[in-house]
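**Student:** This one is my_file-v1.cif, mmCIF, C-alpha atoms and all ligand atoms.
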```
data_query
#
loop_
_atom_site.label_atom_id
_atom_site.label_comp_id
_atom_site.auth_asym_id
_atom_site.auth_seq_id
_atom_site.Cartn_x
_atom_site.Cartn_y
_atom_site.Cartn_z
CA MET A 129 59.78 114.14 -106.29
CA LEU A 130 59.06 112.12 -109.44
CA LYS A 131 61.41 113.18 -112.26
CA VAL A 132 59.54 113.35 -115.57
CA GLY A 133 60.85 113.83 -119.12
CA VAL A 134 58.48 115.30 -121.73
CA ILE A 135 58.75 114.37 -125.44
CA GLY A 136 56.91 116.88 -127.64
CA THR A 137 56.79 120.47 -126.48
CA GLY A 138 53.92 121.74 -128.65
CA MET A 139 50.49 122.85 -127.44
CA ILE A 140 49.59 120.06 -125.03
CA GLY A 141 53.23 119.36 -124.14
CA GLN A 142 53.63 122.94 -122.91
CA ASP A 143 50.27 122.87 -121.15
CA HIS A 144 51.21 119.66 -119.30
CA ILE A 145 54.66 121.08 -118.44
CA ARG A 146 52.92 124.13 -116.95
CA ARG A 147 50.71 121.94 -114.73
CA LEU A 148 53.56 119.58 -113.78
CA THR A 149 55.80 122.48 -112.79
CA THR A 150 53.33 124.97 -111.28
CA VAL A 151 50.13 123.15 -110.27
CA LEU A 152 50.76 119.56 -109.23
CA ASN A 153 52.58 118.07 -106.24
CA GLY A 154 55.39 115.53 -106.00
CA VAL A 155 56.67 115.94 -109.55
CA THR A 156 59.30 117.88 -111.46
CA VAL A 157 60.19 118.09 -115.17
CA THR A 158 63.89 117.28 -115.60
CA ALA A 159 64.15 116.86 -119.39
CA VAL A 160 62.44 117.74 -122.66
CA ALA A 161 62.85 116.79 -126.34
CA ASP A 162 61.18 117.88 -129.56
CA VAL A 163 62.02 117.37 -133.22
CA ASP A 164 61.80 121.16 -133.39
CA ALA A 165 65.07 121.88 -131.54
CA ALA A 166 64.31 125.60 -131.15
CA VAL A 167 61.01 125.06 -129.37
CA ALA A 168 62.56 122.37 -127.14
CA ALA A 169 65.43 124.72 -126.22
CA GLU A 170 63.03 127.56 -125.44
CA VAL A 171 60.70 125.43 -123.29
CA GLY A 172 63.57 123.56 -121.59
CA GLY A 173 65.41 126.81 -120.88
CA ARG A 174 62.31 128.31 -119.28
CA ILE A 175 62.11 125.53 -116.66
CA GLY A 176 65.79 124.63 -116.33
CA ALA A 177 65.38 121.14 -117.84
CA THR A 178 67.95 119.18 -119.86
CA VAL A 179 67.20 119.44 -123.58
CA HIS A 180 67.76 116.20 -125.49
CA ALA A 181 68.26 115.88 -129.25
CA THR A 182 65.96 112.85 -129.49
CA GLY A 183 63.17 111.21 -127.54
CA GLU A 184 65.19 108.01 -127.24
CA GLU A 185 68.05 109.97 -125.60
CA LEU A 186 65.54 111.45 -123.13
CA VAL A 187 64.17 108.00 -122.25
CA ALA A 188 67.72 106.76 -121.55
CA ASP A 189 68.55 109.76 -119.31
CA PRO A 190 69.16 108.47 -115.72
CA GLY A 191 67.60 111.73 -114.49
CA VAL A 192 64.26 110.72 -116.05
CA GLU A 193 62.13 108.30 -114.00
CA ALA A 194 58.94 108.53 -116.05
CA VAL A 195 58.10 109.75 -119.55
CA LEU A 196 55.28 111.91 -120.95
CA VAL A 197 54.75 111.55 -124.72
CA CYS A 198 53.10 114.63 -126.25
CA SER A 199 54.43 114.48 -129.81
CA TRP A 200 52.31 113.83 -132.93
CA GLY A 201 50.32 110.59 -132.97
CA PRO A 202 52.42 108.73 -135.60
CA THR A 203 55.52 109.13 -133.37
CA HIS A 204 53.94 107.72 -130.19
CA GLU A 205 54.73 104.06 -130.82
CA GLN A 206 58.52 104.46 -130.97
CA TYR A 207 58.69 106.44 -127.72
CA VAL A 208 56.25 104.26 -125.78
CA LEU A 209 58.18 101.14 -126.87
CA ALA A 210 61.48 102.79 -125.86
CA ALA A 211 60.08 103.60 -122.40
CA ILE A 212 58.77 100.04 -121.93
CA ALA A 213 62.17 98.66 -123.01
CA ALA A 214 63.78 100.89 -120.36
CA GLY A 215 61.22 99.74 -117.75
CA LYS A 216 60.02 103.35 -117.19
CA PRO A 217 56.35 104.35 -116.70
CA VAL A 218 55.05 106.26 -119.71
CA PHE A 219 52.02 108.52 -120.01
CA CYS A 220 51.13 108.82 -123.70
CA GLU A 221 48.77 111.47 -125.01
CA LYS A 222 45.94 110.05 -127.10
CA PRO A 223 45.81 108.26 -129.41
CA LEU A 224 48.13 105.56 -128.06
CA ALA A 225 49.25 105.04 -131.67
CA THR A 226 47.67 105.70 -135.03
CA THR A 227 47.20 102.06 -136.13
CA GLN A 228 45.80 99.08 -134.28
CA GLY A 229 48.92 97.10 -135.27
CA ALA A 230 51.14 99.62 -133.49
CA CYS A 231 48.88 99.55 -130.41
CA LEU A 232 49.06 95.77 -130.34
CA ARG A 233 52.87 95.88 -130.47
CA ILE A 234 52.78 98.16 -127.41
CA VAL A 235 50.38 95.80 -125.62
CA GLU A 236 52.66 92.84 -126.42
CA ALA A 237 55.76 94.69 -125.17
CA GLU A 238 54.00 95.62 -121.93
CA VAL A 239 52.72 92.08 -121.41
CA ALA A 240 56.28 90.77 -121.97
CA HIS A 241 57.49 93.28 -119.35
CA GLY A 242 54.96 91.73 -116.95
CA SER A 243 53.33 94.76 -115.29
CA ARG A 244 51.57 97.94 -116.37
CA LEU A 245 53.78 100.87 -117.38
CA VAL A 246 51.51 102.66 -119.87
CA GLN A 247 48.69 105.14 -119.33
CA VAL A 248 46.88 106.82 -122.24
CA GLY A 249 45.66 110.44 -122.06
CA TYR A 250 41.90 109.89 -122.22
CA MET A 251 41.20 112.65 -119.73
CA ARG A 252 37.41 112.59 -119.81
CA ARG A 253 37.51 109.75 -117.29
CA PHE A 254 38.95 112.33 -114.83
CA ASP A 255 36.50 115.14 -115.64
CA PHE A 256 34.15 116.06 -112.80
CA ALA A 257 31.08 116.34 -115.06
CA TYR A 258 31.71 112.99 -116.79
CA ARG A 259 32.37 111.34 -113.41
CA GLN A 260 29.06 112.74 -112.10
CA LEU A 261 27.30 111.51 -115.25
CA LYS A 262 28.71 108.03 -114.70
CA HIS A 263 27.70 108.20 -111.04
CA ALA A 264 24.10 109.07 -112.06
CA LEU A 265 24.10 106.14 -114.49
CA ASP A 266 25.64 103.64 -112.05
CA SER A 267 23.26 104.68 -109.24
CA GLY A 268 20.39 103.30 -111.33
CA GLU A 269 18.32 106.49 -110.99
CA ILE A 270 17.64 106.74 -114.74
CA GLY A 271 17.16 103.00 -115.15
CA THR A 272 18.75 100.83 -117.80
CA PRO A 273 20.58 102.98 -120.39
CA LEU A 274 19.18 102.80 -123.91
CA MET A 275 20.94 105.52 -125.90
CA MET A 276 23.51 108.30 -125.61
CA HIS A 277 23.63 111.48 -127.70
CA CYS A 278 27.04 113.20 -127.96
CA ALA A 279 28.41 116.28 -129.70
CA HIS A 280 32.11 117.10 -130.03
CA ARG A 281 32.55 120.58 -131.42
CA ASN A 282 35.84 122.42 -131.98
CA ALA A 283 35.92 126.11 -132.90
CA SER A 284 38.58 125.29 -135.53
CA VAL A 285 41.33 122.76 -136.26
CA PRO A 286 44.90 123.10 -137.59
CA ALA A 287 45.63 123.12 -141.34
CA PHE A 288 47.11 119.58 -141.27
CA TYR A 289 43.80 118.13 -139.98
CA GLN A 290 42.40 115.49 -142.43
CA LYS A 291 38.79 114.31 -142.57
CA GLU A 292 39.61 110.90 -141.01
CA MET A 293 41.01 112.79 -137.99
CA ALA A 294 37.43 113.70 -137.03
CA ILE A 295 37.31 110.02 -136.05
CA THR A 296 40.93 109.11 -135.14
CA ASP A 297 41.83 112.35 -133.31
CA THR A 298 38.50 113.85 -132.22
CA ALA A 299 35.71 111.25 -131.80
CA VAL A 300 38.31 108.85 -130.37
CA HIS A 301 37.58 110.62 -127.05
CA GLU A 302 33.91 109.54 -127.27
CA ILE A 303 35.05 106.04 -128.28
CA ASP A 304 37.05 105.72 -125.07
CA MET A 305 34.45 107.54 -122.97
CA VAL A 306 31.50 105.26 -123.91
CA ARG A 307 33.55 102.08 -123.33
CA TRP A 308 34.28 103.39 -119.83
CA MET A 309 30.81 104.86 -119.23
CA PHE A 310 28.88 101.71 -120.13
CA GLY A 311 31.53 99.09 -119.26
CA ALA A 312 30.96 97.51 -122.67
CA GLU A 313 32.71 97.29 -126.02
CA ILE A 314 31.59 98.97 -129.24
CA ALA A 315 30.41 96.19 -131.58
CA ALA A 316 29.72 98.06 -134.84
CA VAL A 317 30.17 101.54 -136.33
CA ARG A 318 28.37 103.54 -139.01
CA VAL A 319 29.28 107.02 -140.26
CA LEU A 320 26.77 109.29 -141.99
CA VAL A 321 27.93 112.29 -143.97
CA PRO A 322 25.75 115.40 -143.62
CA ARG A 323 25.74 118.52 -145.76
CA ARG A 324 29.24 120.05 -145.68
CA SER A 325 29.96 123.20 -143.66
CA SER A 326 31.53 125.94 -145.78
CA HIS A 327 33.79 126.81 -142.82
CA GLY A 328 35.95 123.71 -143.26
CA GLY A 329 37.22 124.31 -146.79
CA ASP A 330 37.71 120.90 -148.46
CA LEU A 331 37.29 119.07 -145.18
CA GLN A 332 34.16 116.93 -144.87
CA ASP A 333 32.76 118.50 -141.73
CA PRO A 334 30.56 117.65 -139.82
CA LEU A 335 30.31 113.86 -139.48
CA PHE A 336 27.62 111.83 -137.72
CA LEU A 337 28.80 108.58 -136.14
CA ILE A 338 26.68 105.77 -134.75
CA PHE A 339 28.15 103.21 -132.35
CA GLU A 340 26.29 100.01 -131.50
CA MET A 341 27.51 98.90 -128.08
CA GLY A 342 27.77 95.20 -127.22
CA ASN A 343 25.09 95.70 -124.51
CA GLY A 344 22.59 97.13 -127.01
CA VAL A 345 23.07 100.83 -126.16
CA LEU A 346 23.07 103.00 -129.29
CA VAL A 347 25.38 106.06 -129.28
CA ASP A 348 25.38 108.91 -131.76
CA VAL A 349 28.26 111.40 -132.01
CA GLU A 350 28.26 114.62 -134.00
CA THR A 351 31.76 115.89 -134.80
CA SER A 352 31.85 119.53 -135.95
CA VAL A 353 35.41 120.80 -136.03
CA ASN A 354 34.89 124.27 -137.50
CA ILE A 355 31.91 125.41 -135.47
CA ARG A 356 33.54 128.82 -134.79
CA TYR A 357 31.55 129.78 -131.67
CA GLY A 358 33.77 127.80 -129.26
CA TYR A 359 34.52 124.34 -127.81
CA ASP A 360 31.32 122.53 -126.99
CA ILE A 361 31.26 118.99 -125.58
CA ARG A 362 27.84 117.47 -125.01
CA GLY A 363 26.53 114.19 -123.73
CA GLU A 364 23.08 112.95 -122.75
CA ILE A 365 22.24 109.41 -121.66
CA VAL A 366 18.67 108.28 -122.21
CA GLY A 367 17.64 105.65 -119.69
CA GLU A 368 14.33 103.81 -119.46
CA SER A 369 13.26 105.92 -116.44
CA GLY A 370 14.96 109.27 -117.09
CA THR A 371 17.89 111.03 -118.68
CA ALA A 372 21.22 112.37 -117.42
CA SER A 373 23.35 114.91 -119.26
CA LEU A 374 26.47 117.02 -118.89
CA GLY A 375 25.57 120.40 -117.43
CA SER A 376 25.90 123.89 -118.80
CA LEU A 377 28.99 125.05 -120.67
CA SER A 378 30.14 127.52 -118.07
CA PRO A 379 29.86 127.90 -114.30
CA VAL A 380 29.15 131.60 -114.85
CA ALA A 381 26.03 133.20 -116.30
CA VAL A 382 26.20 136.88 -117.29
CA ARG A 383 22.90 138.79 -117.21
CA ARG A 384 22.99 142.03 -119.15
CA ASP A 385 20.86 144.10 -121.50
CA GLY A 386 17.87 141.78 -121.13
CA ARG A 387 19.87 138.62 -121.95
CA VAL A 388 21.58 135.77 -120.11
CA ALA A 389 24.92 134.63 -121.55
CA ASN A 390 26.88 131.48 -120.64
CA PRO A 391 30.43 131.88 -121.97
CA VAL A 392 31.61 128.97 -124.15
CA PRO A 393 35.15 127.59 -123.54
CA ALA A 394 37.64 128.48 -126.28
CA ASP A 395 39.24 125.05 -126.59
CA TRP A 396 40.07 121.78 -124.84
CA ARG A 397 42.63 123.46 -122.56
CA GLU A 398 39.88 125.55 -120.96
CA ARG A 399 37.05 122.96 -120.93
CA PHE A 400 39.19 120.12 -119.54
CA LEU A 401 41.63 122.20 -117.44
CA ALA A 402 40.77 120.52 -114.16
CA ALA A 403 40.40 117.06 -115.74
CA TYR A 404 44.01 117.18 -117.01
CA ASP A 405 45.15 118.30 -113.54
CA VAL A 406 43.40 115.36 -111.84
CA GLU A 407 44.54 112.93 -114.55
CA LEU A 408 48.24 113.77 -114.15
CA GLN A 409 48.12 114.18 -110.36
CA GLU A 410 46.56 110.70 -110.02
CA TRP A 411 49.19 109.33 -112.43
CA VAL A 412 52.05 110.84 -110.39
CA LEU A 413 50.58 109.47 -107.15
CA ALA A 414 50.06 106.00 -108.64
CA ILE A 415 53.55 105.54 -110.07
CA SER A 416 55.64 107.34 -107.45
CA GLY A 417 57.39 104.70 -105.38
CA GLY A 418 57.06 102.04 -108.07
CA GLY A 419 53.28 101.56 -108.34
CA GLN A 420 51.38 100.82 -111.55
CA PRO A 421 49.25 103.43 -113.33
CA LEU A 422 45.49 103.08 -112.76
CA GLY A 423 44.12 105.15 -115.66
CA PRO A 424 43.31 104.15 -119.26
CA SER A 425 45.63 101.28 -120.22
CA ALA A 426 47.47 100.24 -123.37
CA TRP A 427 44.56 97.82 -123.89
CA ASP A 428 42.11 100.74 -123.79
CA GLY A 429 44.36 102.54 -126.31
CA TYR A 430 44.32 99.45 -128.55
CA ALA A 431 40.52 99.05 -128.30
CA ALA A 432 40.00 102.72 -129.20
CA ALA A 433 42.29 102.30 -132.23
CA VAL A 434 40.35 99.27 -133.48
CA VAL A 435 37.07 101.21 -133.25
CA SER A 436 38.73 104.22 -134.94
CA ASP A 437 39.86 102.01 -137.81
CA ALA A 438 36.33 100.62 -138.14
CA GLY A 439 35.02 104.21 -138.21
CA VAL A 440 37.46 105.23 -140.96
CA SER A 441 36.43 102.19 -142.97
CA ALA A 442 32.73 103.04 -142.41
CA LEU A 443 33.40 106.59 -143.59
CA ARG A 444 35.15 105.39 -146.77
CA THR A 445 32.65 102.66 -147.68
CA GLY A 446 29.38 103.99 -146.27
CA GLU A 447 28.90 100.52 -144.76
CA ARG A 448 28.18 99.33 -141.21
CA VAL A 449 31.54 97.96 -140.01
CA LEU A 450 31.86 95.32 -137.29
CA VAL A 451 34.51 95.74 -134.58
CA SER A 452 36.66 92.75 -133.69
CA LEU A 453 39.20 92.87 -130.85
CA ALA A 454 42.09 90.46 -130.20
CA ASP A 455 41.92 88.35 -127.02
CA GLN A 456 42.52 90.54 -123.97
CA PRO A 457 45.74 89.55 -122.13
CA LYS A 458 45.41 88.67 -118.43
CA LEU A 459 47.51 91.72 -117.48
CA TYR A 460 44.47 93.91 -118.17
CA ASP A 461 41.88 91.66 -116.43
CA SER A 462 42.16 92.82 -112.84
CA GLY A 463 42.85 96.54 -113.19
CA VAL A 464 39.47 98.23 -113.37
CA THR A 465 40.76 101.43 -114.87
CA VAL A 466 39.38 104.72 -113.63
P1 LIG B 1 51.39 120.19 -131.59
O1 LIG B 1 51.60 120.12 -133.06
O2 LIG B 1 51.04 121.51 -130.97
O3 LIG B 1 52.68 119.63 -130.82
C1 LIG B 1 53.28 118.42 -131.17
C2 LIG B 1 54.79 118.59 -130.98
O4 LIG B 1 55.40 117.33 -131.27
C3 LIG B 1 55.43 119.62 -131.92
O5 LIG B 1 56.19 120.56 -131.16
C4 LIG B 1 56.31 118.79 -132.83
O6 LIG B 1 57.50 119.45 -133.26
C5 LIG B 1 56.63 117.60 -131.93
N1 LIG B 1 57.07 116.41 -132.65
C6 LIG B 1 56.63 115.94 -133.83
N2 LIG B 1 57.28 114.83 -134.17
C7 LIG B 1 58.17 114.58 -133.18
C8 LIG B 1 59.14 113.57 -132.95
N3 LIG B 1 59.33 112.57 -133.82
N4 LIG B 1 59.84 113.62 -131.80
C9 LIG B 1 59.65 114.61 -130.91
N5 LIG B 1 58.77 115.61 -131.08
C10 LIG B 1 58.04 115.59 -132.20
O7 LIG B 1 50.27 119.11 -131.26
P2 LIG B 1 49.40 118.97 -129.94
O8 LIG B 1 48.06 119.61 -130.16
O9 LIG B 1 50.19 119.36 -128.76
O10 LIG B 1 49.12 117.39 -129.93
C11 LIG B 1 50.13 116.48 -129.55
C12 LIG B 1 49.46 115.16 -129.14
O11 LIG B 1 48.56 115.42 -128.06
C13 LIG B 1 48.61 114.50 -130.23
O12 LIG B 1 48.73 113.11 -130.11
C14 LIG B 1 47.19 114.94 -129.91
O13 LIG B 1 46.20 114.03 -130.36
C15 LIG B 1 47.24 115.00 -128.39
N6 LIG B 1 46.28 115.96 -127.82
C16 LIG B 1 45.47 115.54 -126.83
C17 LIG B 1 44.52 116.41 -126.32
C18 LIG B 1 43.58 115.93 -125.26
O14 LIG B 1 42.52 116.54 -125.11
N7 LIG B 1 43.92 114.89 -124.50
C19 LIG B 1 44.43 117.72 -126.78
C20 LIG B 1 45.32 118.13 -127.78
C21 LIG B 1 46.24 117.25 -128.29
C1 LIG B 2 42.63 117.23 -130.05
O1 LIG B 2 43.77 116.44 -130.41
C2 LIG B 2 42.09 116.76 -128.76
O2 LIG B 2 42.39 115.73 -128.25
C3 LIG B 2 40.93 117.55 -128.28
O3 LIG B 2 40.49 117.12 -127.02
C4 LIG B 2 39.82 117.36 -129.31
O4 LIG B 2 38.69 118.11 -128.95
C5 LIG B 2 40.31 117.82 -130.68
O5 LIG B 2 39.27 117.58 -131.63
C6 LIG B 2 41.54 117.05 -131.09
O6 LIG B 2 41.99 117.50 -132.37
#
```
How does the structure come out when it is put into structure tokens?

**Tutor:**
Amino acid sequence: MLKVGVIGTGMIGQDHIRRLTTVLNGVTVTAVADVDAAVAAEVGGRIGATVHATGEELVADPGVEAVLVCSWGPTHEQYVLAAIAAGKPVFCEKPLATTQGACLRIVEAEVAHGSRLVQVGYMRRFDFAYRQLKHALDSGEIGTPLMMHCAHRNASVPAFYQKEMAITDTAVHEIDMVRWMFGAEIAAVRVLVPRRSSHGGDLQDPLFLIFEMGNGVLVDVETSVNIRYGYDIRGEIVGESGTASLGSLSPVAVRRDGRVANPVPADWRERFLAAYDVELQEWVLAISGGGQPLGPSAWDGYAAAVVSDAGVSALRTGERVLVSLADQPKLYDSGVTV
């Protein structure tokens, strides 16, 4: 049984604790920590876990073999670095950190450690529909890919959500997904600003992003984070001989009163329910017994942060911004991440 400590017991922290304790095999949650002591005590009490006053204390707990970081993005760096310093595997929810400098410090710490300890929570790589889409692409049946159209729609977002977060917190999933899908880096970013939705208050919503991939594929991403009707994730690859796209929103169609209705998921927990299960089960299997994680690496987290930064700069300036990555350390050469 792998003993996991969870830092951050908010929405996704609680959802991951639920799957670790009631869905997945070979894992147990032995400790929790949150800056909100009341929520940590409530969640920890529910599952009989030790409640620590700080994340650092949780990392140092001998009863914690691996760490799950689910706190707010700006706090990720300190906890991931603490886990690396302790030599413990750490699964960090996306983004790996909120600046490329912080991501690079994590990469450097992991390289100095000498083997992979970090996995980043880019769960689309574990989603059945995205895996099937990649399979269709890799099989060659639609020919050489030319373009991809994506939409990332949230019904609503929390009050603290800022306009840049449409790139750094939301479209960052597409940034990681297209790097994985096409096996290529994003070379340049542009951001166009459409008419503003009245549902977002002062927030500039939606945004329209354009990624130029190093292999020539052009990707467009619509982010709409106050769409109201539900959580709608779309993707269509246009190849030279055909197209491949994610399927319908729901496995169920309701026919009634002369209409067909396909229910729309409420949020990411519903749409990616099974993807999170597979993501964490594969992580547990990989690291149990001392193995290295196989999913998105600290390097992937760094690369996504560099593209995010370029996107924020493109949003602020209206310019096309080039993406420039540091040299990739050898540690990340061999591991073809899933
Ligand atoms: P949330 O606000 O619901 O929960 C975050 C929790 O972190 C809160 O309980 C807060 O008190 C705690 N926290 C804040 N600072 C802390 C600190 N210094 N130490 C310990 N705990 C601290 O947010 P959320 O929606 O659960 O998001 C958390 C993280 O998960 C974010 O990085 C977010 O981007 C990511 N996330 C990923 C997905 C996904 O699809 N993979 C979905 C949602 C959220
Ligand atoms: C949230 O943090 C997530 O990661 C969700 O998957 C994404 O859809 C949402 O826009 C983010 O705020």

**Student:** Around the point (32.3, 116.4, -143.3), in the coordinates given by the file, pick out the residues reaching within 10 Å, counting all atoms listed in the file, and return them as an MDAnalysis selection string.

**Tutor:** chainID A and resid 291:292 294 320:326 328:336 351:353 443

**Student:** Grab the atom N1 of ligand LIG 1 (chain B) to CA of Arg399 in chain A distance for me, in Å with one decimal place.

**Tutor:**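 Rounded to one decimal, the two atoms are 24.1 Å apart.
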
**Student:** Could you give me the residues within 8 Å of ligand LIG 2 (chain B), counting all atoms listed in the file, as a ChimeraX atom specification?

**Tutor:** /A:222,280-282,285,289,293-294,297-299,301,353,359,395-396

**Student:** Please save C-alpha atoms of the selected residues as a PDB file, in the coordinates of the input.

**Tutor:**
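Writing done, so here's again-v5.pdb:
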```pdb
ATOM      1  CA  LYS A 222      45.940 110.050-127.100  1.00  0.00           C
ATOM      2  CA  HIS A 280      32.110 117.100-130.030  1.00  0.00           C
ATOM      3  CA  ARG A 281      32.550 120.580-131.420  1.00  0.00           C
ATOM      4  CA  ASN A 282      35.840 122.420-131.980  1.00  0.00           C
ATOM      5  CA  VAL A 285      41.330 122.760-136.260  1.00  0.00           C
ATOM      6  CA  TYR A 289      43.800 118.130-139.980  1.00  0.00           C
ATOM      7  CA  MET A 293      41.010 112.790-137.990  1.00  0.00           C
ATOM      8  CA  ALA A 294      37.430 113.700-137.030  1.00  0.00           C
ATOM      9  CA  ASP A 297      41.830 112.350-133.310  1.00  0.00           C
ATOM     10  CA  THR A 298      38.500 113.850-132.220  1.00  0.00           C
ATOM     11  CA  ALA A 299      35.710 111.250-131.800  1.00  0.00           C
ATOM     12  CA  HIS A 301      37.580 110.620-127.050  1.00  0.00           C
ATOM     13  CA  VAL A 353      35.410 120.800-136.030  1.00  0.00           C
ATOM     14  CA  TYR A 359      34.520 124.340-127.810  1.00  0.00           C
ATOM     15  CA  ASP A 395      39.240 125.050-126.590  1.00  0.00           C
ATOM     16  CA  TRP A 396      40.070 121.780-124.840  1.00  0.00           C
TER      17      TRP A 396
END
```

**Student:** Starting from 8 Å padding per side, set up an axis-aligned box that covers all listed atoms of ligand LIG 1 (chain B) and hand over centre and edge lengths in Å, one decimal, as JSON.

**Tutor:**
```
{"center_x": 51.2, "center_y": 117.0, "center_z": -129.3, "size_x": 33.3, "size_y": 24.9, "size_z": 25.7}
```

**Student:** Which of these residues is nearest to Gly268 in chain A, using all atoms listed in the file: A:Ala389, A:Leu337, A:Ala181, A:Ala372?

**Tutor:**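 Counting all atoms listed in the file, the residue closest to Gly268 in chain A is A:Ala372.
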
**Student:** Mind pulling up the distance from CA of Ser373 in chain A to CA of Arg387 in chain A?

**Tutor:**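 Atom-to-atom, CA of Arg387 in chain A to CA of Ser373 in chain A, that is 24.1 Å.
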
**Student:** May I have the residues within 9 Å of Asn153 in chain A as number ranges by chain, using all atoms listed in the file and disregarding those fewer than 4 positions away in the same chain?

**Tutor:** A: 129, 148-149, 409, 412-413

**Student:** Within 7 Å of ligand LIG 1 (chain B), counting all atoms listed in the file, which protein or nucleic acid residues do you find, written as a list in words?

**Tutor:**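 For ligand LIG 1 (chain B), the residues inside 7 Å are Ile135, Gly136, Thr137, Gly138, Met139, Ile140, Gly141, Ala161, Asp162, Val163, Asp164, Val167, Thr182, Gly183, Cys198, Ser199, Trp200, Gly201, Thr203, Glu221, Lys222, Pro223, Gly249, Tyr250, Met251, Asp297 and Trp396 of chain A.
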
**Student:** How many Å lie between CA of Phe219 in chain A and CA of Ala194 in chain A, rounded to one decimal?

**Tutor:**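 Here the two named atoms are 8.0 Å from each other.
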
**Student:** Mind listing as a PyMOL selection string all residues within 10 Å of (56.7, 120.4, -111.6), counting all atoms listed in the file?

**Tutor:** chain A and resi 129-132+144-158+175

**Student:** May I ask which of the residues A:Leu274, A:Val347, A:Leu459, A:Ile355 is the closest one to Met305 in chain A, counting only C-alpha atoms?

**Tutor:**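 For Met305 in chain A, the nearest of the given residues is A:Val347.
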
**Student:** Compare A:Leu422, A:Leu224, A:Val171, A:Val160 by their minimum atom-to-atom distance to Val187 in chain A, counting only C-alpha atoms, and give me the closest one.

**Tutor:**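 Smallest distance to Val187 in chain A is found for A:Val160.
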
**Student:** Skipping near chain neighbours, those fewer than 4 positions away, what residues fall within 9 Å of Gly439 in chain A using all atoms listed in the file, listed as a short mmCIF file (atom, residue, chain, number, x, y, z; two decimals) with C-alpha atoms, in the coordinates of the input?

**Tutor:**
```
data_model
loop_
_atom_site.label_atom_id
_atom_site.label_comp_id
_atom_site.auth_asym_id
_atom_site.auth_seq_id
_atom_site.Cartn_x
_atom_site.Cartn_y
_atom_site.Cartn_z
CA GLU A 292 39.61 110.90 -141.01
CA ILE A 295 37.31 110.02 -136.05
CA THR A 296 40.93 109.11 -135.14
CA ALA A 316 29.72 98.06 -134.84
CA VAL A 317 30.17 101.54 -136.33
CA ARG A 318 28.37 103.54 -139.01
CA VAL A 319 29.28 107.02 -140.26
CA LEU A 337 28.80 108.58 -136.14
CA VAL A 434 40.35 99.27 -133.48
CA VAL A 435 37.07 101.21 -133.25
CA LEU A 443 33.40 106.59 -143.59
CA ARG A 444 35.15 105.39 -146.77
CA ARG A 448 28.18 99.33 -141.21
CA VAL A 449 31.54 97.96 -140.01
#
```
